[in-house]
Structure formats: C-alpha cells, structure tokens
2 protein chains.
Amino acid sequence: MLKIKKLVIIGVGLIGGSLAIALRNARVVESIVGCGRSEENLERGVQLGVIDSYSTEVAHAVKDADMVFIAVPLGAMKKVFRQLHGHLPANAIVTDGGSAKASVVQDWIEVFGDDAQFVPGHPIAGTENSGVEAALPDLYRNRRIIVTPTATTVESHLKQVTQMWEACGAEVSLMSVEHHDQVLAATSHLPHMIAFGLVETLAELEEHTEIFKYAAGGFRDFSRIASSNPEMWRDICLSNGPALSAVLDNYIEHLQAMNALIKASDGEALLKSFRVAKQARDDYVDGLS
Amino acid sequence: MLKIKKLVIIGVGLIGGSLAIALRNARVVESIVGCGRSEENLERGVQLGVIDSYSTEVAHAVKDADMVFIAVPLGAMKKVFRQLHGHLPANAIVTDGGSAKASVVQDWIEVFGDDAQFVPGHPIAGTENSGVEAALPDLYRNRRIIVTPTATTVESHLKQVTQMWEACGAEVSLMSVEHHDQVLAATSHLPHMIAFGLVETLAELEEHTEIFKYAAGGFRDFSRIASSNPEMWRDICLSNGPALSAVLDNYIEHLQAMNALIKASDGEALLKSFRVAKQARDDYVDGLS
C-alpha cells in the first residue's frame with residue numbers, strides 16, 4: 001500500500017491543493033509541505049489545513065521529501081526544475097500536472113540530464129477557479145489522470161504515482177508523451193482557441209455591445225472557456241505549438257468547406273455534414289458520460 | 001388590454017406549445033386551435049391541455065382566427081403561407097418564430113404580395129427538447145423576443161404582437177430584418193457552425209474513439225450545441241446564408257491569425273489576444289447576466 005512520508009506540493013493552487021487534501025483524507029501521507037512564491041497564499045493553505053507547513057524556497061521545501069508534485073504554469077516549469085536540481089533527495093519521485101507533456105519532459109532533461117526521477121502526468125480535472133481557496137477534496141474523484149512514462153521511467157516510480165492518484169479516487173491511463181499532446185490539442189486546446197477566436201470576432205463587430213446583449217444561453221456556455229486564464233493559455237500555445245497548430249489547420253479547413261457549402265446553398269451536403277456531427281457527438285460524448 | 005378570441009398555432013412543438021400555455025395562463029386568449037401534420041402530436045397537445053382543438057388543414061384551422069402564430073421550420077414557411085393564402089380572415093394578424101427573418105419576409109411577400117397582415121418575430125428562447133411534450137409555461141419569461149417590423153407593418157398589429165409576448169413575461173425588442181439576421185448570425189448561427197465543425201474535425205481523427213474519451217467537461221458543454229437538429233440548421237444556413245457566411249469568413253480569418261502566432265511562438269501577441277477575449281467575455285456576457 002502507498003505510504004508517502006513527506007509530500008511536497010510546489011504551486012499550492014486548485015490543482016496542487018486538491019491533491020494535498022485528497023491524499024490527506026485518504027490517509028496515505030504523513031506530512032505535506034507547500035512551496036510557492038506567495039507567502040500569503042501558503043499561509044492561507046496552512047490555515048485551511050491543506051498543507052502542514054511551507055517554504056518559499058524549493059531547495060529547502062524538498063529536504064527529505066519522497067514525493068514532489070509540481071503544479072506551476074508550463075512557462076515556470078524549467079525555473080522550478082533548476083531550483084530543484086542539486087537538492088532533490090535520491091529516493092524522491094517527482095511528478096507534475098502540466099497540460100502539455102513534451103515540453104515539460106524536455107525542460108526536465110535539459111536540467112537533469114535524464115528523467116530517472118521524473119514521472120510526467122496530467123490530471124484531466126479543474127474548475128474555473130484558482131488559488132488554494134478553490135481546492136476541493138473531490139476534484140479528482142472519478143476523473144481521468146493521464147500519466148506519460150518515457151522509455152527510461154522507473155517502473156516502481158510509475159507504480160507509486162499511479163497509486164497516489166488512485167488514492168484520490170481517480171482513474172489512471174498511460175499514454176506516450178506525443179500521443180497525450182495530440183489528444184489534448186484536439187479535445188482541450190483546440191476548443192479554447194475556438195472560444196477565444198469567437199469572442200474576439202464578436203468583440204470587433206461595430207455593434208458588439210448589442211451583439212452580446214442578444215447572445216442566447218448556448219453562447220454563454222460556449223464562450224465560458226474564453227474566460228480562462230490568458231497567461232496559462234499563452235503557455236499552452238507555446239508548449240504544445242506543433243500539435244495544436246496541426247489540429248487548428250485541420251479545423252480551419254473544415255470551416256472553409258462548410259462556408260463554401262453555405263455560399264453555394266448546398267442544403268443536401270450541409271444536412272449530411274450536420275448529421276455526421278450530431279451522430280458523432282451523441283455517440284461518443286453522451287454514450288460515455 | 002390584449003384579448004385574443006381565437007389563437008391558431010401552426011406547428012405545435014416546443015416554441016408554439018409554450019406560447020399557447022403561457023397565453024392561456026395569462027388569461028388573454030379564449031380558444032386555442034393547433035394545426036400541424038402529425039395528428040398524433042396534435043392529439044397529445046389536446047390531452048396535455050396545450051390546445052383546445054386541432055385541424056391538420058391550415059385553411060380550416062384559421063377560420064375566424066384573430067391571431068396566427070407560425071412555428072414551423074424555416075424551410076416549411078413558404079408552403080404554410082401558400083396554404084394560408086385565400087383563407088386568412090381579413091382582421092387576422094400573423095406572426096412567426098423563425099430564427100432568420102429576411103427569408104421569411106421574402107417568402108410571405110412572394111405569396112401574399114404585401115406584408116400588411118404579417119409581423120415577423122423571433123423569440124430568443126428554447127431548450128434542447130422538441131415536440132409538444134417539451135412545451136413549458138415559463139419558456140418566455142424574462143427572455144427577449146425580437147420583432148422585426150417592415151416599412152409597411154401596421155402599427156396596431158405590431159402593438160398586439162408586442163402585447164402578446166409581454167403577456168408571456170417576455171421583453172420585446174424591435175430591430176430591422178437585416179440587423180436581426182446579422183446579430184443572430186454572429187450570436188447563434190456562427191457558434192453552431194463552430195460546434196458542428198469541431199465535432200466533425202475530431203470525428204475524422206483516426207483515434208476518434210479515444211479522443212472523445214478524454215474530452216473534458218468544457219468540451220462537453222461546448223459540443224452540446226452540435227447535437228442540435230440537423231434539418232433545422234440546414235434551413236438556417238439556407239435562409240441566412242449571406243449574413244452567416246460573412247461572419248464565418250471573419251471568424252476564419254481570426255483563427256488563421258491566431259494559428260500564425262502559435263506557429264511563430266509569439267507569446268506576447270497571443271497573451272494580448274487572449275486578454276482581449278477574456279475581457280470582452282467577462283464584461284459583456286457576465287455583466288449582463
């Protein structure tokens with residue numbers, strides 16, 4: 001059975017804080033140390049019982065750690081790895097929550113030379129809120145966690161990371177780094193680009209105040225993700241650029257084909273295309289929920 | 001005060017049925033006659049108390065009517081107008097619920113020669129369900145109804161249609177036909193094309209079963225509208241083609257610009273663009289809800 005003596009959470013927000021609470025509730029961890037740049041946020045984490053203590057220094061926080069979870073923005077990963085280098089205990093396992101994996105693995109290898117201590121991961125969970133106050137005990141219950149071992153990942157490390165997520169009630173799937181990045185580009189990164197692009201398009205129209213006034217319920221749900229954190233999405237675009245731009249090219253081609261049918265008033269072809277989409281959506285999305 | 005002696009609902013589904021129930025509850029109508037092609041649906045409407053009686057013949061249904069509401073698909077409007085022609089009482093007002101207005105007005109004028117008896121309208125309300133069993137007493141409460149009078153709309157007719165919707169608890173806005181079609185192209189028709197296109201793109205990927213399996217919550221909300229009725233959306237594309245294809249061209253240009261920034265790893269410009277979108281979404285959408 002999994003037993004973590006000292007868990008260090010670097011980046012105590014929604015993702016890191018929720019892992020801390022879930023593992024504490026599952027009674028698989030002895031002590032939890034938080035680490036981050038904002039002392040105020042870390043103090044709030046102690047007050048809320050999310051973490052037991054904290055340090056603003058990575059080198060100090062990870063002393064005697066056996067499990068380190070990094071939940072910082074993708075653009076800050078390499079800096080954290082540099083702070084970790086030379087201070088990470090030899091038996092410690094490091095895993096992360098970054099939503100693109102190739103860039104994180106590359107950052108790690110550039111700093112550490114090999115990935116023997118690193119198990120890249122990505123919990124498919126979240127809410128629109130952020131910060132330690134947004135952390136939830138059940139954020140990961142029945143959610144999927146993708147773990148992306150590399151050729152040199154140590155089997156026992158992979159097993160412990162898997163057990164850690166299972167202790168939170170999550171289901172762990174293994175995937176290659178490249179495949180993860182393609183799947184996420186299609187299912188998460190592309191929809192966000194689409195929503196940002198839609199709101200930008202409408203905001204540029206002359207009568208945009210009126211446009212938004214008449215936006216119906218469907219539009220609100222739809223544009224909700226355009227309200228996501230801009231810095232986080234900039235980082236994702238930079239980290240998962242090739243996979244994202246490939247699927248975005250593909251999507252643009254679909255819209256161009258659809259617009260050609262609208263311009264040609266080709267009702268038969270439009271109907272066929274909408275039926276394929278409805279069928280796919282109903283089969284796969286509703287069928288699996 | 002508004003008093004309707006005989007209301008005829010042509011197309012007794014979610015939109016038509018909900019109007020019938022709301023006007024009955026508001027006690028502004030003496031009798032409600034339903035009309036449609038499916039006798040089974042009309043019988044169910046009588047059983048549910050949505051309509052008092054029915055006819056499957058438009059010519060018969062509208063005898064002695066003073067208000068006629070047409071809630072059939074856009075592609076069926078002209079056929080209904082033809083069935084109405086020669087049978088419409090001289091003092092009857094006709095209004096509709098079509099989600100594009102220029103094509104409906106054109107259909108009407110082609111059949112009737114002028115639009116003296118017609119007041120085009122569009123309730124911005126709906127659910128994912130259809131049929132008379134989906135009709136709701138409060139579907140229009142606090143929702144917007146756009147009424148699009150033309151140069152020849154009779155003032156007293158416009159007033160009665162407005163009062164009819166206000167009796168349902170709705171707020172009526174007046175707009176020109178052309179402006180309505182542009183606003184709806186941007187706020188409703190474009191988002192639907194975007195969602196259909198997204199699901200089509202993902203469904204074509206080789207590993208599409210897996211892709212949908214990992215689609216997170218945001219994607220489900222987002223793709224929900226791709227599950228809309230394909231026939232209805234074919235009709236909307238054909239009826240509102242010019243306005244829709246213009247805004248779709250505009251949207252495609254935005255995505256192309258965004259993809260160029262992703263390919264160039266231009267983090268600064270991406271951040272700026274996402275911030276504009278988030279700000280616009282938060283200001284206009286949340287600010288008005």
# chains A, B, ... in the order shown; residues from 1 in each chain; ligands from 1

$ closest_atom_pairs --of "stretch 199-260 of chain B" --to "stretch 164-185 of chain B" --cutoff "12 Å" --atoms "only C-alpha atoms" --output "tab-separated table"
residue	atom	partner	partner_atom	distance
B:Trp233	CA	B:Ala185	CA	11.9
B:Ile236	CA	B:Ala185	CA	9.4
B:Cys237	CA	B:Ala185	CA	9.4
B:Ser239	CA	B:Asp181	CA	9.5
B:Asn240	CA	B:Asp181	CA	6.7
B:Gly241	CA	B:Ala185	CA	8.9
B:Pro242	CA	B:Gln182	CA	9.1
B:Ala243	CA	B:Gln182	CA	5.4
B:Leu244	CA	B:Ala185	CA	4.9
B:Ser245	CA	B:Ala185	CA	8.5
B:Ala246	CA	B:Ala185	CA	8.9
B:Val247	CA	B:Ala185	CA	7.0
B:Leu248	CA	B:Ala185	CA	8.7
B:Asp249	CA	B:Ala185	CA	11.9
B:Asn250	CA	B:Ala185	CA	11.8
B:Tyr251	CA	B:Ala185	CA	11.7

$ write_last_selection --atoms "C-alpha atoms" --output "PDB file, in the first residue's frame"
ATOM      1  CA  TRP B 233     -29.645  24.058 -39.090  1.00  0.00           C
ATOM      2  CA  ILE B 236     -30.992  28.304 -41.126  1.00  0.00           C
ATOM      3  CA  CYS B 237     -27.872  28.095 -43.332  1.00  0.00           C
ATOM      4  CA  SER B 239     -32.208  31.143 -45.056  1.00  0.00           C
ATOM      5  CA  ASN B 240     -29.488  33.287 -43.519  1.00  0.00           C
ATOM      6  CA  GLY B 241     -26.638  32.377 -45.878  1.00  0.00           C
ATOM      7  CA  PRO B 242     -25.195  35.814 -46.719  1.00  0.00           C
ATOM      8  CA  ALA B 243     -25.043  37.128 -43.118  1.00  0.00           C
ATOM      9  CA  LEU B 244     -23.744  33.813 -41.794  1.00  0.00           C
ATOM     10  CA  SER B 245     -21.047  33.300 -44.415  1.00  0.00           C
ATOM     11  CA  ALA B 246     -19.790  36.872 -43.889  1.00  0.00           C
ATOM     12  CA  VAL B 247     -19.295  36.409 -40.156  1.00  0.00           C
ATOM     13  CA  LEU B 248     -17.860  32.908 -40.732  1.00  0.00           C
ATOM     14  CA  ASP B 249     -15.260  34.374 -43.135  1.00  0.00           C
ATOM     15  CA  ASN B 250     -14.378  36.913 -40.469  1.00  0.00           C
ATOM     16  CA  TYR B 251     -14.046  34.187 -37.830  1.00  0.00           C
TER      17      TYR B 251
END

$ residues_around --residues "stretch 1-11 of chain A" --least-positions-apart "5" --cutoff "9 Å" --atoms "only C-alpha atoms" --output "tab-separated table (two decimals) with N, CA and C atoms, in the first residue's frame"
chain	number	residue	atom	x	y	z
A	16	GLY	N	-2.76	21.65	-7.15
A	16	GLY	CA	-1.87	21.14	-6.09
A	16	GLY	C	-2.61	21.00	-4.77
A	17	GLY	N	-3.42	21.98	-4.41
A	17	GLY	CA	-4.15	21.96	-3.14
A	17	GLY	C	-5.15	20.82	-3.08
A	19	LEU	N	-4.95	17.95	-4.62
A	19	LEU	CA	-4.22	16.70	-4.43
A	19	LEU	C	-3.85	16.53	-2.95
A	20	ALA	N	-3.37	17.61	-2.34
A	20	ALA	CA	-2.99	17.54	-0.92
A	20	ALA	C	-4.17	17.12	-0.05
A	27	ARG	N	-5.53	9.23	3.94
A	27	ARG	CA	-4.59	8.79	4.99
A	27	ARG	C	-3.39	8.03	4.41
A	28	VAL	N	-2.86	8.54	3.30
A	28	VAL	CA	-1.69	7.88	2.72
A	28	VAL	C	-0.44	8.77	2.83
A	29	VAL	N	-0.57	9.92	3.53
A	29	VAL	CA	0.56	10.83	3.60
A	29	VAL	C	0.76	11.29	5.05
A	30	GLU	N	2.04	11.36	5.46
A	30	GLU	CA	2.32	11.77	6.84
A	30	GLU	C	2.39	13.29	6.99
A	31	SER	N	3.17	13.93	6.12
A	31	SER	CA	3.22	15.39	6.22
A	31	SER	C	3.25	16.03	4.83
A	32	ILE	N	2.65	17.20	4.74
A	32	ILE	CA	2.54	17.89	3.45
A	32	ILE	C	3.14	19.28	3.59
A	33	VAL	N	4.15	19.54	2.75
A	33	VAL	CA	4.81	20.84	2.78
A	33	VAL	C	4.48	21.56	1.47
A	34	GLY	N	4.04	22.80	1.58
A	34	GLY	CA	3.75	23.60	0.39
A	34	GLY	C	4.92	24.48	0.03
A	35	CYS	N	5.01	24.81	-1.26
A	35	CYS	CA	6.08	25.69	-1.71
A	35	CYS	C	5.52	26.58	-2.83
A	36	GLY	N	5.89	27.84	-2.80
A	36	GLY	CA	5.40	28.75	-3.84
A	36	GLY	C	6.00	30.12	-3.63
A	37	ARG	N	5.63	31.07	-4.48
A	37	ARG	CA	6.21	32.40	-4.38
A	37	ARG	C	5.43	33.29	-3.43
A	51	ILE	N	-2.10	22.30	3.69
A	51	ILE	CA	-0.70	21.91	3.89
A	51	ILE	C	-0.36	22.06	5.38
A	54	TYR	N	5.17	25.30	5.20
A	54	TYR	CA	5.56	25.75	3.88
A	54	TYR	C	6.94	26.36	3.87
A	58	VAL	N	12.41	26.31	-2.93
A	58	VAL	CA	12.27	24.93	-3.40
A	58	VAL	C	13.32	24.04	-2.73
A	61	ALA	N	12.27	23.32	0.78
A	61	ALA	CA	11.00	22.58	0.88
A	61	ALA	C	11.19	21.09	0.62
A	62	VAL	N	12.05	20.72	-0.32
A	62	VAL	CA	12.13	19.31	-0.75
A	62	VAL	C	13.05	18.45	0.10
A	64	ASP	N	14.35	15.84	2.42
A	64	ASP	CA	13.75	14.59	2.92
A	64	ASP	C	12.41	14.22	2.27
A	65	ALA	N	12.06	14.86	1.19
A	65	ALA	CA	10.79	14.52	0.52
A	65	ALA	C	10.89	13.16	-0.15
A	66	ASP	N	9.80	12.40	-0.17
A	66	ASP	CA	9.79	11.20	-1.00
A	66	ASP	C	8.86	11.35	-2.20
A	67	MET	N	7.96	12.37	-2.18
A	67	MET	CA	7.10	12.62	-3.35
A	67	MET	C	6.98	14.14	-3.53
A	68	VAL	N	7.23	14.59	-4.75
A	68	VAL	CA	7.12	16.01	-5.07
A	68	VAL	C	6.14	16.17	-6.22
A	69	PHE	N	5.13	17.03	-6.03
A	69	PHE	CA	4.16	17.28	-7.10
A	69	PHE	C	4.29	18.74	-7.52
A	70	ILE	N	4.52	18.96	-8.81
A	70	ILE	CA	4.72	20.31	-9.32
A	70	ILE	C	3.50	20.76	-10.11
A	71	ALA	N	2.84	21.81	-9.63
A	71	ALA	CA	1.63	22.31	-10.29
A	71	ALA	C	1.79	23.81	-10.53
A	72	VAL	N	2.81	24.14	-11.31
A	72	VAL	CA	3.04	25.54	-11.66
A	72	VAL	C	2.72	25.71	-13.15
A	73	PRO	N	2.55	26.96	-13.64
A	73	PRO	CA	2.30	27.15	-15.07
A	73	PRO	C	3.40	26.51	-15.92
A	80	VAL	N	11.55	26.04	-11.98
A	80	VAL	CA	11.38	25.21	-10.78
A	80	VAL	C	12.35	24.01	-10.83
A	160	GLN	N	4.03	4.00	-8.02
A	160	GLN	CA	3.70	4.85	-6.87
A	160	GLN	C	2.87	6.07	-7.28
A	163	GLN	N	-0.60	4.81	-7.90
A	163	GLN	CA	-1.30	4.57	-6.62
A	163	GLN	C	-1.71	5.88	-5.94
A	164	MET	N	-0.86	6.89	-6.08
A	164	MET	CA	-1.17	8.19	-5.47
A	164	MET	C	-2.48	8.74	-6.05
A	167	ALA	N	-5.52	6.76	-5.03
A	167	ALA	CA	-5.93	7.06	-3.65
A	167	ALA	C	-6.87	8.28	-3.61

$ select_by_dssp --residues "stretch 15-243 of chain A" --states "strand (DSSP E or B)" --output "PyMOL selection string"
chain A and resi 29-35+53-55+67-70+93-96+118-119+121-124+144-147+171-174

$ select_by_dssp --residues "stretch 56-248 of chain B" --states "alpha helix (DSSP H)" --output "PDB file with C-alpha atoms, in the first residue's frame"
ATOM      1  CA  VAL B  58     -54.353  25.204 -42.373  1.00  0.00           C
ATOM      2  CA  ALA B  59     -57.340  26.550 -44.356  1.00  0.00           C
ATOM      3  CA  HIS B  60     -59.751  25.008 -41.842  1.00  0.00           C
ATOM      4  CA  ALA B  61     -57.754  25.838 -38.724  1.00  0.00           C
ATOM      5  CA  MET B  77     -42.672  28.571 -44.097  1.00  0.00           C
ATOM      6  CA  LYS B  78     -43.488  29.225 -47.732  1.00  0.00           C
ATOM      7  CA  LYS B  79     -45.605  26.078 -48.022  1.00  0.00           C
ATOM      8  CA  VAL B  80     -47.627  27.120 -44.941  1.00  0.00           C
ATOM      9  CA  PHE B  81     -48.055  30.649 -46.358  1.00  0.00           C
ATOM     10  CA  ARG B  82     -49.426  29.123 -49.570  1.00  0.00           C
ATOM     11  CA  GLN B  83     -51.913  27.036 -47.573  1.00  0.00           C
ATOM     12  CA  LEU B  84     -52.910  30.190 -45.683  1.00  0.00           C
ATOM     13  CA  ALA B 102     -35.282  38.186 -44.368  1.00  0.00           C
ATOM     14  CA  SER B 103     -36.108  34.836 -45.976  1.00  0.00           C
ATOM     15  CA  VAL B 104     -39.429  34.560 -44.120  1.00  0.00           C
ATOM     16  CA  VAL B 105     -40.478  38.085 -45.128  1.00  0.00           C
ATOM     17  CA  GLN B 106     -39.498  37.325 -48.722  1.00  0.00           C
ATOM     18  CA  ASP B 107     -41.485  34.063 -48.677  1.00  0.00           C
ATOM     19  CA  TRP B 108     -44.519  35.924 -47.309  1.00  0.00           C
ATOM     20  CA  ILE B 109     -44.373  38.698 -49.902  1.00  0.00           C
ATOM     21  CA  GLU B 110     -43.931  36.202 -52.745  1.00  0.00           C
ATOM     22  CA  VAL B 111     -47.183  34.528 -51.659  1.00  0.00           C
ATOM     23  CA  PHE B 112     -49.280  37.471 -50.386  1.00  0.00           C
ATOM     24  CA  GLU B 155     -48.835  49.904 -36.146  1.00  0.00           C
ATOM     25  CA  SER B 156     -51.796  48.328 -34.334  1.00  0.00           C
ATOM     26  CA  HIS B 157     -50.671  44.831 -35.415  1.00  0.00           C
ATOM     27  CA  LEU B 158     -47.197  45.465 -34.081  1.00  0.00           C
ATOM     28  CA  LYS B 159     -48.719  46.630 -30.795  1.00  0.00           C
ATOM     29  CA  GLN B 160     -50.813  43.485 -30.426  1.00  0.00           C
ATOM     30  CA  VAL B 161     -47.919  41.135 -31.170  1.00  0.00           C
ATOM     31  CA  THR B 162     -45.822  43.046 -28.623  1.00  0.00           C
ATOM     32  CA  GLN B 163     -48.579  42.773 -26.010  1.00  0.00           C
ATOM     33  CA  MET B 164     -48.933  39.070 -26.746  1.00  0.00           C
ATOM     34  CA  TRP B 165     -45.278  38.407 -25.924  1.00  0.00           C
ATOM     35  CA  GLU B 166     -45.337  40.710 -22.919  1.00  0.00           C
ATOM     36  CA  ALA B 167     -48.289  38.682 -21.577  1.00  0.00           C
ATOM     37  CA  VAL B 177     -34.991  42.498 -40.568  1.00  0.00           C
ATOM     38  CA  GLU B 178     -31.407  42.893 -41.867  1.00  0.00           C
ATOM     39  CA  HIS B 179     -29.978  43.803 -38.488  1.00  0.00           C
ATOM     40  CA  HIS B 180     -31.724  40.861 -36.823  1.00  0.00           C
ATOM     41  CA  ASP B 181     -30.186  38.486 -39.340  1.00  0.00           C
ATOM     42  CA  GLN B 182     -26.677  39.899 -38.764  1.00  0.00           C
ATOM     43  CA  VAL B 183     -26.963  39.820 -34.977  1.00  0.00           C
ATOM     44  CA  LEU B 184     -28.281  36.257 -34.972  1.00  0.00           C
ATOM     45  CA  LEU B 190     -21.879  31.123 -36.022  1.00  0.00           C
ATOM     46  CA  PRO B 191     -21.494  29.306 -32.650  1.00  0.00           C
ATOM     47  CA  HIS B 192     -23.482  26.389 -34.051  1.00  0.00           C
ATOM     48  CA  MET B 193     -21.285  26.167 -37.177  1.00  0.00           C
ATOM     49  CA  ILE B 194     -18.215  26.277 -34.918  1.00  0.00           C
ATOM     50  CA  ALA B 195     -19.526  23.416 -32.785  1.00  0.00           C
ATOM     51  CA  PHE B 196     -20.554  21.279 -35.772  1.00  0.00           C
ATOM     52  CA  GLY B 197     -17.112  21.884 -37.301  1.00  0.00           C
ATOM     53  CA  LEU B 198     -15.307  20.936 -34.098  1.00  0.00           C
ATOM     54  CA  VAL B 199     -17.118  17.642 -33.701  1.00  0.00           C
ATOM     55  CA  GLU B 200     -16.604  16.838 -37.401  1.00  0.00           C
ATOM     56  CA  THR B 201     -12.869  17.552 -37.084  1.00  0.00           C
ATOM     57  CA  LEU B 202     -12.486  15.302 -34.059  1.00  0.00           C
ATOM     58  CA  ALA B 203     -14.680  12.558 -35.513  1.00  0.00           C
ATOM     59  CA  GLU B 204     -12.375  12.340 -38.543  1.00  0.00           C
ATOM     60  CA  HIS B 208     -11.548   9.454 -32.530  1.00  0.00           C
ATOM     61  CA  THR B 209     -12.990   6.997 -30.008  1.00  0.00           C
ATOM     62  CA  GLU B 210     -10.097   7.698 -27.691  1.00  0.00           C
ATOM     63  CA  ILE B 211     -10.243  11.433 -28.434  1.00  0.00           C
ATOM     64  CA  PHE B 212     -13.839  11.667 -27.219  1.00  0.00           C
ATOM     65  CA  LYS B 213     -12.987   9.529 -24.175  1.00  0.00           C
ATOM     66  CA  GLY B 217     -16.096  18.792 -19.135  1.00  0.00           C
ATOM     67  CA  GLY B 218     -15.541  22.007 -21.057  1.00  0.00           C
ATOM     68  CA  PHE B 219     -15.664  20.158 -24.346  1.00  0.00           C
ATOM     69  CA  ARG B 220     -18.962  18.525 -23.473  1.00  0.00           C
ATOM     70  CA  ASP B 221     -20.681  21.850 -22.766  1.00  0.00           C
ATOM     71  CA  PHE B 222     -19.056  23.251 -25.820  1.00  0.00           C
ATOM     72  CA  SER B 223     -20.086  20.485 -28.185  1.00  0.00           C
ATOM     73  CA  PRO B 230     -29.542  18.945 -38.438  1.00  0.00           C
ATOM     74  CA  GLU B 231     -32.625  19.764 -40.584  1.00  0.00           C
ATOM     75  CA  MET B 232     -33.255  22.971 -38.639  1.00  0.00           C
ATOM     76  CA  TRP B 233     -29.645  24.058 -39.090  1.00  0.00           C
ATOM     77  CA  ARG B 234     -29.634  23.218 -42.774  1.00  0.00           C
ATOM     78  CA  ASP B 235     -32.671  25.511 -43.096  1.00  0.00           C
ATOM     79  CA  ILE B 236     -30.992  28.304 -41.126  1.00  0.00           C
ATOM     80  CA  CYS B 237     -27.872  28.095 -43.332  1.00  0.00           C
ATOM     81  CA  LEU B 238     -30.010  28.328 -46.441  1.00  0.00           C
ATOM     82  CA  SER B 239     -32.208  31.143 -45.056  1.00  0.00           C
ATOM     83  CA  GLY B 241     -26.638  32.377 -45.878  1.00  0.00           C
ATOM     84  CA  PRO B 242     -25.195  35.814 -46.719  1.00  0.00           C
ATOM     85  CA  ALA B 243     -25.043  37.128 -43.118  1.00  0.00           C
ATOM     86  CA  LEU B 244     -23.744  33.813 -41.794  1.00  0.00           C
ATOM     87  CA  SER B 245     -21.047  33.300 -44.415  1.00  0.00           C
ATOM     88  CA  ALA B 246     -19.790  36.872 -43.889  1.00  0.00           C
ATOM     89  CA  VAL B 247     -19.295  36.409 -40.156  1.00  0.00           C
ATOM     90  CA  LEU B 248     -17.860  32.908 -40.732  1.00  0.00           C
TER      91      LEU B 248
END

$ residues_around --residues "B:Val50" --least-positions-apart "4" --cutoff "6 Å" --atoms "only C-alpha atoms" --output "ChimeraX atom specification"
/B:21,45-46

$ atom_distance --atom1 "atom CA of B:Ser53" --atom2 "atom CA of B:His87"
18.6 Å

$ atom_distance --atom1 "atom CA of A:Ala226" --atom2 "atom CA of B:Ala226"
18.3 Å

$ atom_distance --atom1 "atom CA of A:Thr95" --atom2 "atom CA of A:Pro123"
11.1 Å

$ closest_residue --among "B:Leu205, B:Ile146, B:Ala269, B:Ala277" --to "chain A" --atoms "only C-alpha atoms"
B:Ala277
